[in-house]
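Note: the block below is input_11.txt and it holds compact mmCIF, C-alpha atoms and all ligand atoms.
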# COMPACT_ATOMS: atom_id res chain seq x y z
CA MET A 170 -21.19 -11.12 -28.54
CA SER A 171 -20.92 -14.88 -28.60
CA THR A 172 -18.84 -16.41 -25.83
CA ALA A 173 -18.14 -19.46 -27.98
CA VAL A 174 -14.47 -20.25 -28.31
CA LEU A 175 -15.20 -23.17 -30.62
CA GLU A 176 -18.27 -23.77 -32.77
CA THR A 177 -19.17 -26.49 -35.18
CA GLU A 178 -21.86 -26.64 -37.80
CA ASN A 179 -23.01 -29.90 -39.34
CA LEU A 180 -19.59 -31.46 -38.88
CA VAL A 181 -19.10 -34.63 -40.91
CA LYS A 182 -16.08 -36.92 -41.06
CA VAL A 183 -15.96 -39.83 -43.48
CA TYR A 184 -12.92 -42.11 -43.44
CA GLY A 185 -11.94 -44.16 -46.50
CA ARG A 186 -13.53 -44.41 -49.92
CA GLY A 187 -16.01 -46.58 -51.79
CA PRO A 188 -17.18 -49.69 -49.98
CA ALA A 189 -14.64 -49.09 -47.19
CA GLN A 190 -16.19 -45.71 -46.36
CA PHE A 191 -16.96 -45.14 -42.73
CA HIS A 192 -19.05 -42.24 -41.45
CA ALA A 193 -17.32 -41.48 -38.14
CA LEU A 194 -19.15 -38.16 -37.54
CA LYS A 195 -22.61 -37.65 -38.96
CA GLY A 196 -23.32 -33.93 -38.66
CA LEU A 197 -22.55 -32.30 -35.30
CA THR A 198 -23.54 -28.75 -34.42
CA PHE A 199 -22.59 -27.36 -31.03
CA GLU A 200 -20.59 -24.67 -29.21
CA ILE A 201 -17.92 -24.73 -26.56
CA HIS A 202 -17.88 -21.56 -24.49
CA ARG A 203 -14.85 -19.72 -23.22
CA GLY A 204 -13.75 -20.97 -19.81
CA GLU A 205 -16.05 -23.98 -19.91
CA SER A 206 -15.15 -27.57 -19.02
CA VAL A 207 -16.67 -30.11 -21.41
CA ALA A 208 -16.42 -33.88 -21.35
CA ILE A 209 -16.96 -35.90 -24.51
CA VAL A 210 -18.10 -39.36 -23.51
CA GLY A 211 -19.37 -42.48 -25.27
CA LYS A 212 -18.48 -46.02 -26.15
CA SER A 213 -15.31 -47.01 -27.95
CA GLY A 214 -15.62 -46.18 -31.65
CA SER A 215 -18.39 -43.60 -31.16
CA GLY A 216 -16.22 -40.84 -32.67
CA LYS A 217 -14.83 -39.02 -29.63
CA SER A 218 -11.20 -38.80 -30.75
CA THR A 219 -12.25 -38.01 -34.30
CA LEU A 220 -14.27 -35.07 -32.99
CA MET A 221 -11.44 -33.95 -30.73
CA HIS A 222 -8.99 -33.98 -33.64
CA LEU A 223 -11.30 -31.80 -35.73
CA LEU A 224 -11.90 -29.35 -32.87
CA ALA A 225 -8.16 -29.15 -32.22
CA LEU A 226 -7.50 -28.44 -35.92
CA LEU A 227 -5.37 -31.56 -36.23
CA ASP A 228 -7.55 -32.96 -38.99
CA GLN A 229 -10.05 -31.56 -41.47
CA PRO A 230 -13.73 -32.42 -41.70
CA THR A 231 -15.19 -34.03 -44.81
CA SER A 232 -17.82 -31.30 -44.66
CA GLY A 233 -19.17 -28.78 -42.18
CA VAL A 234 -17.55 -25.97 -40.26
CA VAL A 235 -15.23 -25.58 -37.29
CA ALA A 236 -15.00 -21.96 -36.17
CA LEU A 237 -12.49 -20.64 -33.67
CA GLY A 238 -13.44 -17.37 -32.00
CA GLY A 239 -16.20 -16.96 -34.59
CA ARG A 240 -13.89 -17.44 -37.59
CA PRO A 241 -14.38 -20.51 -39.81
CA VAL A 242 -11.03 -22.28 -39.85
CA SER A 243 -11.39 -23.45 -43.45
CA ARG A 244 -10.88 -19.85 -44.57
CA LEU A 245 -7.40 -19.76 -43.07
CA LYS A 246 -4.19 -20.79 -44.79
CA PRO A 247 -2.49 -23.97 -43.45
CA LYS A 248 0.36 -21.94 -41.95
CA ALA A 249 -2.10 -19.74 -40.08
CA VAL A 250 -3.92 -22.83 -38.81
CA SER A 251 -0.63 -24.31 -37.50
CA SER A 252 0.35 -21.18 -35.66
CA LEU A 253 -3.17 -20.72 -34.29
CA ARG A 254 -3.10 -24.28 -33.02
CA ASN A 255 0.32 -23.87 -31.48
CA ASP A 256 -0.59 -20.54 -29.83
CA THR A 257 -4.13 -21.28 -28.70
CA PHE A 258 -4.26 -24.95 -27.79
CA GLY A 259 -2.53 -27.32 -25.42
CA PHE A 260 -2.72 -31.06 -25.93
CA VAL A 261 -2.71 -33.92 -23.47
CA PHE A 262 -3.04 -36.79 -25.93
CA GLN A 263 -1.80 -40.29 -25.37
CA GLN A 264 -0.62 -40.56 -28.94
CA PHE A 265 1.45 -37.40 -28.60
CA PHE A 266 4.03 -39.20 -26.54
CA LEU A 267 7.01 -37.49 -25.14
CA ASN A 268 10.14 -38.02 -27.18
CA PRO A 269 11.83 -40.68 -25.01
CA ASN A 270 15.38 -39.64 -25.91
CA GLN A 271 14.95 -35.98 -25.19
CA THR A 272 15.05 -34.46 -21.75
CA VAL A 273 11.83 -33.64 -19.98
CA LEU A 274 12.63 -29.94 -20.38
CA ASP A 275 13.16 -30.25 -24.14
CA ASN A 276 9.89 -32.14 -24.47
CA VAL A 277 7.98 -29.57 -22.45
CA THR A 278 9.40 -26.60 -24.34
CA LEU A 279 8.80 -28.02 -27.83
CA PRO A 280 5.74 -25.79 -28.52
CA LEU A 281 7.90 -22.74 -27.71
CA LYS A 282 10.59 -23.97 -30.08
CA ILE A 283 7.96 -24.32 -32.81
CA ALA A 284 6.82 -20.79 -32.02
CA GLY A 285 10.40 -19.53 -32.47
CA VAL A 286 11.09 -18.58 -28.84
CA GLY A 287 14.82 -18.40 -27.96
CA LYS A 288 16.50 -21.07 -25.86
CA SER A 289 17.01 -19.19 -22.59
CA GLU A 290 13.39 -17.99 -22.46
CA ARG A 291 12.24 -21.47 -23.46
CA ASN A 292 14.12 -23.05 -20.62
CA GLN A 293 12.99 -20.46 -18.10
CA ARG A 294 9.34 -20.94 -19.03
CA GLY A 295 9.81 -24.71 -19.18
CA ILE A 296 11.14 -24.83 -15.63
CA ALA A 297 8.27 -22.61 -14.47
CA ALA A 298 5.72 -24.97 -16.06
CA LEU A 299 7.45 -28.00 -14.55
CA GLU A 300 7.46 -26.29 -11.16
CA GLN A 301 3.68 -25.86 -11.36
CA LEU A 302 3.45 -29.62 -11.71
CA GLU A 303 6.12 -30.38 -9.09
CA MET A 304 8.33 -31.86 -11.77
CA ALA A 305 11.21 -29.36 -11.88
CA ASP A 306 13.59 -31.90 -10.34
CA LYS A 307 13.05 -34.12 -13.39
CA ALA A 308 13.81 -31.41 -15.98
CA LYS A 309 17.15 -32.90 -17.03
CA ASN A 310 16.03 -36.53 -16.98
CA LYS A 311 15.34 -38.37 -20.20
CA ALA A 312 11.57 -38.66 -20.71
CA THR A 313 11.92 -42.43 -20.78
CA ASP A 314 12.99 -42.41 -17.10
CA LEU A 315 9.63 -41.09 -15.88
CA SER A 316 6.79 -43.05 -14.30
CA GLY A 317 3.39 -43.09 -16.03
CA GLY A 318 1.98 -40.34 -13.83
CA GLN A 319 5.12 -38.23 -14.24
CA LYS A 320 4.91 -38.60 -18.03
CA GLN A 321 1.32 -37.42 -17.89
CA ARG A 322 2.32 -34.43 -15.74
CA ALA A 323 5.09 -33.62 -18.22
CA CYS A 324 2.46 -33.73 -20.99
CA ILE A 325 0.34 -31.28 -19.00
CA ALA A 326 3.37 -29.02 -18.50
CA ARG A 327 3.91 -29.09 -22.27
CA ALA A 328 0.22 -28.35 -22.83
CA LEU A 329 0.52 -25.31 -20.55
CA ILE A 330 3.72 -23.84 -21.84
CA ASN A 331 2.09 -21.49 -24.36
CA ASN A 332 -0.58 -20.19 -21.95
CA PRO A 333 -3.25 -21.84 -24.06
CA ASP A 334 -6.89 -20.76 -24.18
CA VAL A 335 -8.02 -24.35 -24.57
CA ILE A 336 -6.58 -27.64 -23.33
CA PHE A 337 -7.67 -30.77 -25.19
CA ALA A 338 -7.16 -33.97 -23.24
CA ASP A 339 -7.91 -37.40 -24.74
CA GLU A 340 -8.16 -39.98 -21.95
CA PRO A 341 -5.77 -38.03 -19.70
CA THR A 342 -6.15 -40.56 -16.90
CA GLY A 343 -6.52 -43.61 -19.16
CA ASN A 344 -3.57 -45.69 -18.04
CA LEU A 345 -3.07 -44.32 -14.55
CA ASP A 346 -3.77 -45.80 -11.13
CA SER A 347 -6.56 -44.13 -9.18
CA ALA A 348 -4.32 -41.99 -6.94
CA THR A 349 -2.33 -40.66 -9.91
CA SER A 350 -5.55 -40.13 -11.90
CA GLU A 351 -6.85 -37.98 -9.11
CA THR A 352 -3.67 -35.88 -9.09
CA VAL A 353 -3.89 -35.37 -12.87
CA GLU A 354 -7.61 -34.49 -12.62
CA ASP A 355 -6.93 -32.02 -9.82
CA ILE A 356 -4.21 -30.34 -11.87
CA LEU A 357 -6.46 -29.99 -14.92
CA PHE A 358 -9.39 -28.60 -12.94
CA THR A 359 -7.21 -26.23 -10.93
CA LEU A 360 -5.92 -24.81 -14.22
CA HIS A 361 -9.46 -24.56 -15.50
CA GLN A 362 -10.74 -22.81 -12.39
CA GLU A 363 -7.79 -20.56 -11.59
CA GLN A 364 -6.62 -19.63 -15.07
CA GLY A 365 -9.95 -19.83 -16.90
CA ILE A 366 -8.58 -22.33 -19.39
CA THR A 367 -11.28 -24.03 -21.44
CA LEU A 368 -11.07 -27.76 -20.91
CA VAL A 369 -12.23 -30.30 -23.49
CA VAL A 370 -11.76 -33.84 -22.22
CA VAL A 371 -12.48 -37.19 -23.83
CA THR A 372 -12.85 -39.75 -21.12
CA HIS A 373 -14.31 -43.08 -20.10
CA ASP A 374 -13.78 -42.08 -16.47
CA GLU A 375 -17.13 -41.27 -14.88
CA ASP A 376 -15.60 -39.25 -12.04
CA LEU A 377 -13.65 -37.07 -14.44
CA ALA A 378 -16.67 -36.53 -16.71
CA ALA A 379 -18.83 -35.68 -13.71
CA LYS A 380 -16.47 -32.87 -12.73
CA CYS A 381 -16.99 -31.11 -16.06
CA GLN A 382 -19.66 -28.45 -16.43
CA ARG A 383 -21.09 -30.15 -19.52
CA ARG A 384 -21.05 -33.63 -20.94
CA LEU A 385 -21.64 -34.44 -24.60
CA MET A 386 -22.69 -38.04 -25.00
CA MET A 387 -21.68 -39.60 -28.33
CA GLN A 388 -23.09 -42.64 -30.04
CA ASP A 389 -22.32 -43.80 -33.58
CA GLY A 390 -20.97 -40.45 -34.72
CA LEU A 391 -23.73 -38.31 -33.21
CA ILE A 392 -24.20 -36.36 -30.01
CA VAL A 393 -27.24 -38.12 -28.64
CA GLU A 394 -27.53 -36.32 -25.31
CA GLU A 395 -26.13 -33.34 -23.54
CA GLN A 396 -25.92 -33.02 -19.78
CA THR A 397 -25.11 -29.82 -17.93
CA GLY A 398 -24.06 -29.02 -14.39
CA ALA A 399 -20.96 -30.30 -12.64
CA THR A 400 -21.87 -33.29 -10.57
CA PRO A 401 -19.68 -33.24 -7.47
CA ARG A 402 -18.29 -36.63 -6.64
CA PRO A 403 -20.64 -38.39 -4.20
CA ALA A 404 -19.10 -39.18 -0.79
CA GLN A 405 -19.65 -42.85 -1.50
CA ALA A 406 -18.67 -43.57 -5.10
CA SER A 407 -22.02 -44.87 -6.30
CA ALA A 408 -24.75 -44.17 -8.79
CA VAL A 409 -25.81 -40.54 -8.54
CA SER A 410 -29.25 -40.27 -6.98
CA ASP A 411 -31.89 -37.68 -7.83
CA ARG A 412 -31.88 -36.38 -4.29
CA GLN A 413 -28.11 -35.90 -4.14
CA GLN A 414 -27.76 -34.26 -7.55
CA PRO A 415 -30.83 -32.18 -8.39
CA GLU A 416 -28.94 -30.23 -11.07
CA ASN A 417 -27.88 -33.36 -12.87
CA GLN A 418 -30.43 -33.25 -15.66
CA THR A 419 -30.18 -33.69 -19.37
CA ARG A 420 -31.69 -31.30 -21.87
CA ARG A 421 -34.42 -33.86 -22.28
CA GLY A 422 -34.97 -33.70 -18.55
CA ARG A 423 -33.88 -37.20 -17.74
CA ARG A 424 -30.89 -38.71 -16.10
CA LEU A 425 -28.07 -40.21 -18.10
CA PRO A 426 -26.98 -43.76 -17.51
CA PHE A 427 -23.38 -43.26 -16.47
CA ARG A 428 -21.76 -46.52 -15.66
CA ARG A 429 -18.71 -46.82 -13.49
CA GLY A 430 -15.55 -47.93 -15.22
CA GLY A 431 -16.54 -46.54 -18.61
CA ALA A 432 -18.14 -48.06 -21.63
CA LYS A 433 -15.15 -49.76 -23.21
N1 LIG B 1 -8.05 -43.22 -40.01
C1 LIG B 1 -9.19 -43.95 -39.95
N2 LIG B 1 -9.61 -44.69 -40.98
C2 LIG B 1 -10.74 -45.40 -40.95
N3 LIG B 1 -11.57 -45.45 -39.88
C3 LIG B 1 -11.20 -44.74 -38.81
C4 LIG B 1 -9.99 -43.95 -38.77
N4 LIG B 1 -9.90 -43.36 -37.56
C5 LIG B 1 -11.00 -43.77 -36.88
N5 LIG B 1 -11.78 -44.58 -37.62
C6 LIG B 1 -13.05 -45.18 -37.21
O1 LIG B 1 -13.92 -44.15 -36.81
C7 LIG B 1 -14.67 -44.54 -35.66
C8 LIG B 1 -14.48 -43.52 -34.55
O2 LIG B 1 -13.12 -43.60 -34.09
P1 LIG B 1 -12.61 -42.74 -32.87
O3 LIG B 1 -11.16 -42.98 -32.75
O4 LIG B 1 -13.07 -41.35 -33.03
O5 LIG B 1 -13.41 -43.44 -31.68
P2 LIG B 1 -13.38 -43.13 -30.12
O6 LIG B 1 -14.77 -42.79 -29.71
O7 LIG B 1 -12.32 -42.15 -29.81
O8 LIG B 1 -13.02 -44.57 -29.53
P3 LIG B 1 -12.07 -44.97 -28.27
O9 LIG B 1 -12.92 -44.75 -27.05
O10 LIG B 1 -11.83 -46.44 -28.52
O11 LIG B 1 -10.82 -44.15 -28.31
C9 LIG B 1 -14.20 -45.95 -35.31
O12 LIG B 1 -15.11 -46.89 -35.81
C10 LIG B 1 -12.87 -46.07 -36.02
O13 LIG B 1 -12.61 -47.41 -36.39
MG MG B 2 -10.44 -42.30 -28.80

Please express the file's structure as structure tokens.
Ligand SMILES: Nc1ncnc2c1ncn2[C@@H]1O[C@H](COP(=O)(O)OP(=O)(O)OP(=O)(O)O)[C@@H](O)[C@H]1O
Ligand SMILES: [Mg+2]
Amino acid sequence: MSTAVLETENLVKVYGRGPAQFHALKGLTFEIHRGESVAIVGKSGSGKSTLMHLLALLDQPTSGVVALGGRPVSRLKPKAVSSLRNDTFGFVFQQFFLNPNQTVLDNVTLPLKIAGVGKSERNQRGIAALEQLEMADKAKNKATDLSGGQKQRACIARALINNPDVIFADEPTGNLDSATSETVEDILFTLHQEQGITLVVVTHDEDLAAKCQRRLMMQDGLIVEEQTGATPRPAQASAVSDRQQPENQTRRGRRLPFRRGGAK
């Protein structure tokens, strides 16, 4: 039996029409296995978020297949896709901001509300999720009162609330200082390791990408390289040497040119 939680076949996304057409994804075929951590990396505009949106069933491909648990999603009715998405996935996306005027608890429990869970259970599970992220004391605060790192932790709490199989994170540490980034990274990887949650992360952060078991390198709408093996952070943050990281090989058997600070 396949262990793939998500599979794509010849995935194509074209934005716009006529002369304004833009081929953002040019035919991607790959699998993401259950319990895996995968980083999607590449320069700005290479198609990372577009791919993430298709995998997360937030957008539809122009052509090609996305299959969840072996089932092509295009065969499902829109309502089934919505409930699948709400039940199976958690999102840590910068564009899915918290509602600033709602309390942290209401923000975090929104996926449960969508799923039709009653208020007292919602709140109980919301507090439990916030406790995991040491944010329970902020439950009644307006989301707008939180610091950047606290907002990101609230987003993770919201992503966790439905016990998702997969967490999608698009630049989860993008606007955070290094100490807060490290906290957010640790939380995501602890969830991945302890709860077996599949992690799909778009990032320009080399350290975060290096922690993932697999890295898909995108360029101009294509996956141009794939690198496997977590690459533990070197003691001195520096270029990874052959001697330090013997497992850090690409499928083509050569090292990938990760640059510190991302490709933006
Ligand atoms: N709705 C849209 N209409 C037209 N073009 C789009 C649309 N969304 C994205 N694009 C284009 O598709 C390409 C890929 O965009 P995408 O957002 O996937 O890039 P990205 O790799 O996530 O970049 P970044 O690192 O800057 O977030 C870009 O050239 C972008 O301008
Ligand atoms: Mg993006």

Show me, as CSV, the residues of chain A having an atom within 7 Å of ligand MG 2 (chain B), each with the closest atom pair and its distance in Å, using only C-alpha atoms and all ligand atoms.
residue,atom,partner,partner_atom,distance
A:Ser213,CA,B:MG2,MG,6.8
A:Lys217,CA,B:MG2,MG,5.5
A:Ser218,CA,B:MG2,MG,4.1
A:Asp339,CA,B:MG2,MG,6.8

Those residues you just picked out, can you put them in a file as a tab-separated table (two decimals), in the coordinates of the input with C-alpha atoms?
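So the final result, stored in result-v2.tsv, reads:
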chain	number	residue	atom	x	y	z
A	213	SER	CA	-15.31	-47.01	-27.95
A	217	LYS	CA	-14.83	-39.02	-29.63
A	218	SER	CA	-11.20	-38.80	-30.75
A	339	ASP	CA	-7.91	-37.40	-24.74

**Asked** Between A:Met221, A:Val369, A:Val235, A:Leu377, which is the closest to ligand LIG 1 (chain B) once you count only C-alpha atoms and all ligand atoms?
**Response**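 Of the candidates, the smallest distance to ligand LIG 1 (chain B) is held by A:Met221.
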
Please produce, as JSON lines, a per-residue contact table for chain A versus ligand LIG 1 (chain B) (criterion: any atom at most 6 Å away, all atoms listed in the file considered), showing the nearest atom pair and its distance in Å to one decimal, sorted by chain then residue number.
{"residue": "A:Tyr184", "atom": "CA", "partner": "B:LIG1", "partner_atom": "C2", "distance": 4.7}
{"residue": "A:Gly185", "atom": "CA", "partner": "B:LIG1", "partner_atom": "C2", "distance": 5.8}
{"residue": "A:Ala193", "atom": "CA", "partner": "B:LIG1", "partner_atom": "O1", "distance": 4.5}
{"residue": "A:Lys212", "atom": "CA", "partner": "B:LIG1", "partner_atom": "O9", "distance": 5.8}
{"residue": "A:Ser213", "atom": "CA", "partner": "B:LIG1", "partner_atom": "O9", "distance": 3.4}
{"residue": "A:Gly214", "atom": "CA", "partner": "B:LIG1", "partner_atom": "O5", "distance": 3.5}
{"residue": "A:Ser215", "atom": "CA", "partner": "B:LIG1", "partner_atom": "O6", "distance": 4.0}
{"residue": "A:Gly216", "atom": "CA", "partner": "B:LIG1", "partner_atom": "O4", "distance": 3.2}
{"residue": "A:Lys217", "atom": "CA", "partner": "B:LIG1", "partner_atom": "O6", "distance": 3.8}
{"residue": "A:Ser218", "atom": "CA", "partner": "B:LIG1", "partner_atom": "O7", "distance": 3.7}
{"residue": "A:Thr219", "atom": "CA", "partner": "B:LIG1", "partner_atom": "O4", "distance": 3.7}

**Nearby residues (only C-alpha atoms) at most 9 Å from His361 in chain A, same-chain spacing under 4 positions excluded, as a list in words** = Gly204, Glu205, Ser206, Ile336, Ile356, Leu357, Gly365, Ile366, Thr367 and Leu368 of chain A

I need the chosen residues saved as a compact mmCIF listing (two decimals), in the coordinates of the input, with C-alpha atoms.
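What follows is the written file selection.txt:
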# COMPACT_ATOMS: atom_id res chain seq x y z
CA GLY A 204 -13.75 -20.97 -19.81
CA GLU A 205 -16.05 -23.98 -19.91
CA SER A 206 -15.15 -27.57 -19.02
CA ILE A 336 -6.58 -27.64 -23.33
CA ILE A 356 -4.21 -30.34 -11.87
CA LEU A 357 -6.46 -29.99 -14.92
CA GLY A 365 -9.95 -19.83 -16.90
CA ILE A 366 -8.58 -22.33 -19.39
CA THR A 367 -11.28 -24.03 -21.44
CA LEU A 368 -11.07 -27.76 -20.91

**Prompt:** Leaving out range 341-348 of chain A and any residue of its chain fewer than 5 positions from it, which residues lie within 8 Å of it when counting only C-alpha atoms, given as an MDAnalysis selection string?
**Reply:** chainID A and resid 261:263 317:318 321 353:354 370:374

**Request:** Choose the residue, out of A:Leu267, A:Ile325, A:Leu237, A:Leu274, that has the smallest atom-to-atom separation from Asp306 in chain A; count only C-alpha atoms.
**Result:** A:Leu274

**Request:** Would you list the residues near (7.6, -22.2, -33.5), meaning any protein, DNA or RNA residue with an atom at most 12 Å from that point in file coordinates, counting only C-alpha atoms, as a list in words?
**Result:**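 Selection result: Lys248, Ala249, Ser251, Ser252, Leu253, Arg254, Asn255, Asp256, Thr278, Leu279, Pro280, Leu281, Lys282, Ile283, Ala284, Gly285, Val286, Gly287, Lys288, Arg291 and Asn331 of chain A.
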
Resulting file, chosen residues, C-alpha atoms, as a PDB file, in the coordinates of the input:
ATOM      1  CA  LYS A 248       0.360 -21.940 -41.950  1.00  0.00           C
ATOM      2  CA  ALA A 249      -2.100 -19.740 -40.080  1.00  0.00           C
ATOM      3  CA  SER A 251      -0.630 -24.310 -37.500  1.00  0.00           C
ATOM      4  CA  SER A 252       0.350 -21.180 -35.660  1.00  0.00           C
ATOM      5  CA  LEU A 253      -3.170 -20.720 -34.290  1.00  0.00           C
ATOM      6  CA  ARG A 254      -3.100 -24.280 -33.020  1.00  0.00           C
ATOM      7  CA  ASN A 255       0.320 -23.870 -31.480  1.00  0.00           C
ATOM      8  CA  ASP A 256      -0.590 -20.540 -29.830  1.00  0.00           C
ATOM      9  CA  THR A 278       9.400 -26.600 -24.340  1.00  0.00           C
ATOM     10  CA  LEU A 279       8.800 -28.020 -27.830  1.00  0.00           C
ATOM     11  CA  PRO A 280       5.740 -25.790 -28.520  1.00  0.00           C
ATOM     12  CA  LEU A 281       7.900 -22.740 -27.710  1.00  0.00           C
ATOM     13  CA  LYS A 282      10.590 -23.970 -30.080  1.00  0.00           C
ATOM     14  CA  ILE A 283       7.960 -24.320 -32.810  1.00  0.00           C
ATOM     15  CA  ALA A 284       6.820 -20.790 -32.020  1.00  0.00           C
ATOM     16  CA  GLY A 285      10.400 -19.530 -32.470  1.00  0.00           C
ATOM     17  CA  VAL A 286      11.090 -18.580 -28.840  1.00  0.00           C
ATOM     18  CA  GLY A 287      14.820 -18.400 -27.960  1.00  0.00           C
ATOM     19  CA  LYS A 288      16.500 -21.070 -25.860  1.00  0.00           C
ATOM     20  CA  ARG A 291      12.240 -21.470 -23.460  1.00  0.00           C
ATOM     21  CA  ASN A 331       2.090 -21.490 -24.360  1.00  0.00           C
TER      22      ASN A 331
END

**Item:** Separation of CA of Ser316 in chain A from CA of Gln271 in chain A, in Å and rounded to one decimal
**Value:**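 These two atoms are separated by 15.3 Å.
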
**Item:** One-decimal distance in Å that lies between CA of Cys381 in chain A and CA of Thr198 in chain A
**Value:** 19.6 Å

**Message:** Could you check the closest approach to Gly196 in chain A for each of A:Asp389, A:Glu363, A:Glu300, A:Glu351 and tell me which residue wins, using all atoms listed in the file?
**Reply:**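 The answer is A:Asp389, which sits nearest to Gly196 in chain A.
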
**Asked** If I put a ball of radius 10 Å at (-17.4, -31.9, -44.6) in the file's coordinates, which residues poke into it when counting only C-alpha atoms, written as an MDAnalysis selection string?
**Response** chainID A and resid 178:183 194:196 229:235

With N, CA and C atoms as the target, complete range 171-193 of chain A and hand it back as an mmCIF file, in the coordinates of the input.
data_model
loop_
_atom_site.group_PDB
_atom_site.id
_atom_site.type_symbol
_atom_site.label_atom_id
_atom_site.label_comp_id
_atom_site.auth_asym_id
_atom_site.auth_seq_id
_atom_site.Cartn_x
_atom_site.Cartn_y
_atom_site.Cartn_z
ATOM 1 N N SER A 171 -20.940 -13.466 -28.971
ATOM 2 C CA SER A 171 -20.920 -14.880 -28.600
ATOM 3 C C SER A 171 -19.723 -15.161 -27.683
ATOM 4 N N THR A 172 -19.950 -16.016 -26.701
ATOM 5 C CA THR A 172 -18.840 -16.410 -25.830
ATOM 6 C C THR A 172 -18.225 -17.724 -26.306
ATOM 7 N N ALA A 173 -18.651 -18.175 -27.490
ATOM 8 C CA ALA A 173 -18.140 -19.460 -27.980
ATOM 9 C C ALA A 173 -16.679 -19.326 -28.372
ATOM 10 N N VAL A 174 -15.856 -20.217 -27.853
ATOM 11 C CA VAL A 174 -14.470 -20.250 -28.310
ATOM 12 C C VAL A 174 -14.376 -21.165 -29.522
ATOM 13 N N LEU A 175 -15.164 -22.242 -29.496
ATOM 14 C CA LEU A 175 -15.200 -23.170 -30.620
ATOM 15 C C LEU A 175 -16.656 -23.433 -31.000
ATOM 16 N N GLU A 176 -16.919 -23.447 -32.289
ATOM 17 C CA GLU A 176 -18.270 -23.770 -32.770
ATOM 18 C C GLU A 176 -18.153 -24.747 -33.922
ATOM 19 N N THR A 177 -19.122 -25.634 -33.996
ATOM 20 C CA THR A 177 -19.170 -26.490 -35.180
ATOM 21 C C THR A 177 -20.550 -26.390 -35.805
ATOM 22 N N GLU A 178 -20.573 -26.622 -37.108
ATOM 23 C CA GLU A 178 -21.860 -26.640 -37.800
ATOM 24 C C GLU A 178 -21.873 -27.828 -38.749
ATOM 25 N N ASN A 179 -22.790 -28.728 -38.482
ATOM 26 C CA ASN A 179 -23.010 -29.900 -39.340
ATOM 27 C C ASN A 179 -21.705 -30.622 -39.702
ATOM 28 N N LEU A 180 -20.927 -30.886 -38.683
ATOM 29 C CA LEU A 180 -19.590 -31.460 -38.880
ATOM 30 C C LEU A 180 -19.679 -32.940 -39.259
ATOM 31 N N VAL A 181 -19.063 -33.255 -40.386
ATOM 32 C CA VAL A 181 -19.100 -34.630 -40.910
ATOM 33 C C VAL A 181 -17.677 -35.104 -41.145
ATOM 34 N N LYS A 182 -17.376 -36.331 -40.723
ATOM 35 C CA LYS A 182 -16.080 -36.920 -41.060
ATOM 36 C C LYS A 182 -16.310 -38.327 -41.605
ATOM 37 N N VAL A 183 -15.860 -38.522 -42.847
ATOM 38 C CA VAL A 183 -15.960 -39.830 -43.480
ATOM 39 C C VAL A 183 -14.546 -40.331 -43.710
ATOM 40 N N TYR A 184 -14.229 -41.495 -43.185
ATOM 41 C CA TYR A 184 -12.920 -42.110 -43.440
ATOM 42 C C TYR A 184 -13.048 -43.063 -44.625
ATOM 43 N N GLY A 185 -11.995 -43.177 -45.413
ATOM 44 C CA GLY A 185 -11.940 -44.160 -46.500
ATOM 45 C C GLY A 185 -12.804 -43.770 -47.689
ATOM 46 N N ARG A 186 -12.788 -44.658 -48.675
ATOM 47 C CA ARG A 186 -13.530 -44.410 -49.920
ATOM 48 C C ARG A 186 -14.304 -45.661 -50.312
ATOM 49 N N GLY A 187 -15.263 -45.464 -51.204
ATOM 50 C CA GLY A 187 -16.010 -46.580 -51.790
ATOM 51 C C GLY A 187 -16.628 -47.466 -50.726
ATOM 52 N N PRO A 188 -16.524 -48.793 -50.926
ATOM 53 C CA PRO A 188 -17.180 -49.690 -49.980
ATOM 54 C C PRO A 188 -16.562 -49.640 -48.583
ATOM 55 N N ALA A 189 -15.307 -49.162 -48.487
ATOM 56 C CA ALA A 189 -14.640 -49.090 -47.190
ATOM 57 C C ALA A 189 -14.985 -47.813 -46.422
ATOM 58 N N GLN A 190 -15.849 -46.990 -47.009
ATOM 59 C CA GLN A 190 -16.190 -45.710 -46.360
ATOM 60 C C GLN A 190 -16.793 -45.906 -44.988
ATOM 61 N N PHE A 191 -16.378 -45.067 -44.071
ATOM 62 C CA PHE A 191 -16.960 -45.140 -42.730
ATOM 63 C C PHE A 191 -17.318 -43.729 -42.268
ATOM 64 N N HIS A 192 -18.580 -43.549 -41.901
ATOM 65 C CA HIS A 192 -19.050 -42.240 -41.450
ATOM 66 C C HIS A 192 -18.820 -42.131 -39.942
ATOM 67 N N ALA A 193 -17.694 -41.546 -39.565
ATOM 68 C CA ALA A 193 -17.320 -41.480 -38.140
ATOM 69 C C ALA A 193 -18.066 -40.356 -37.425
#
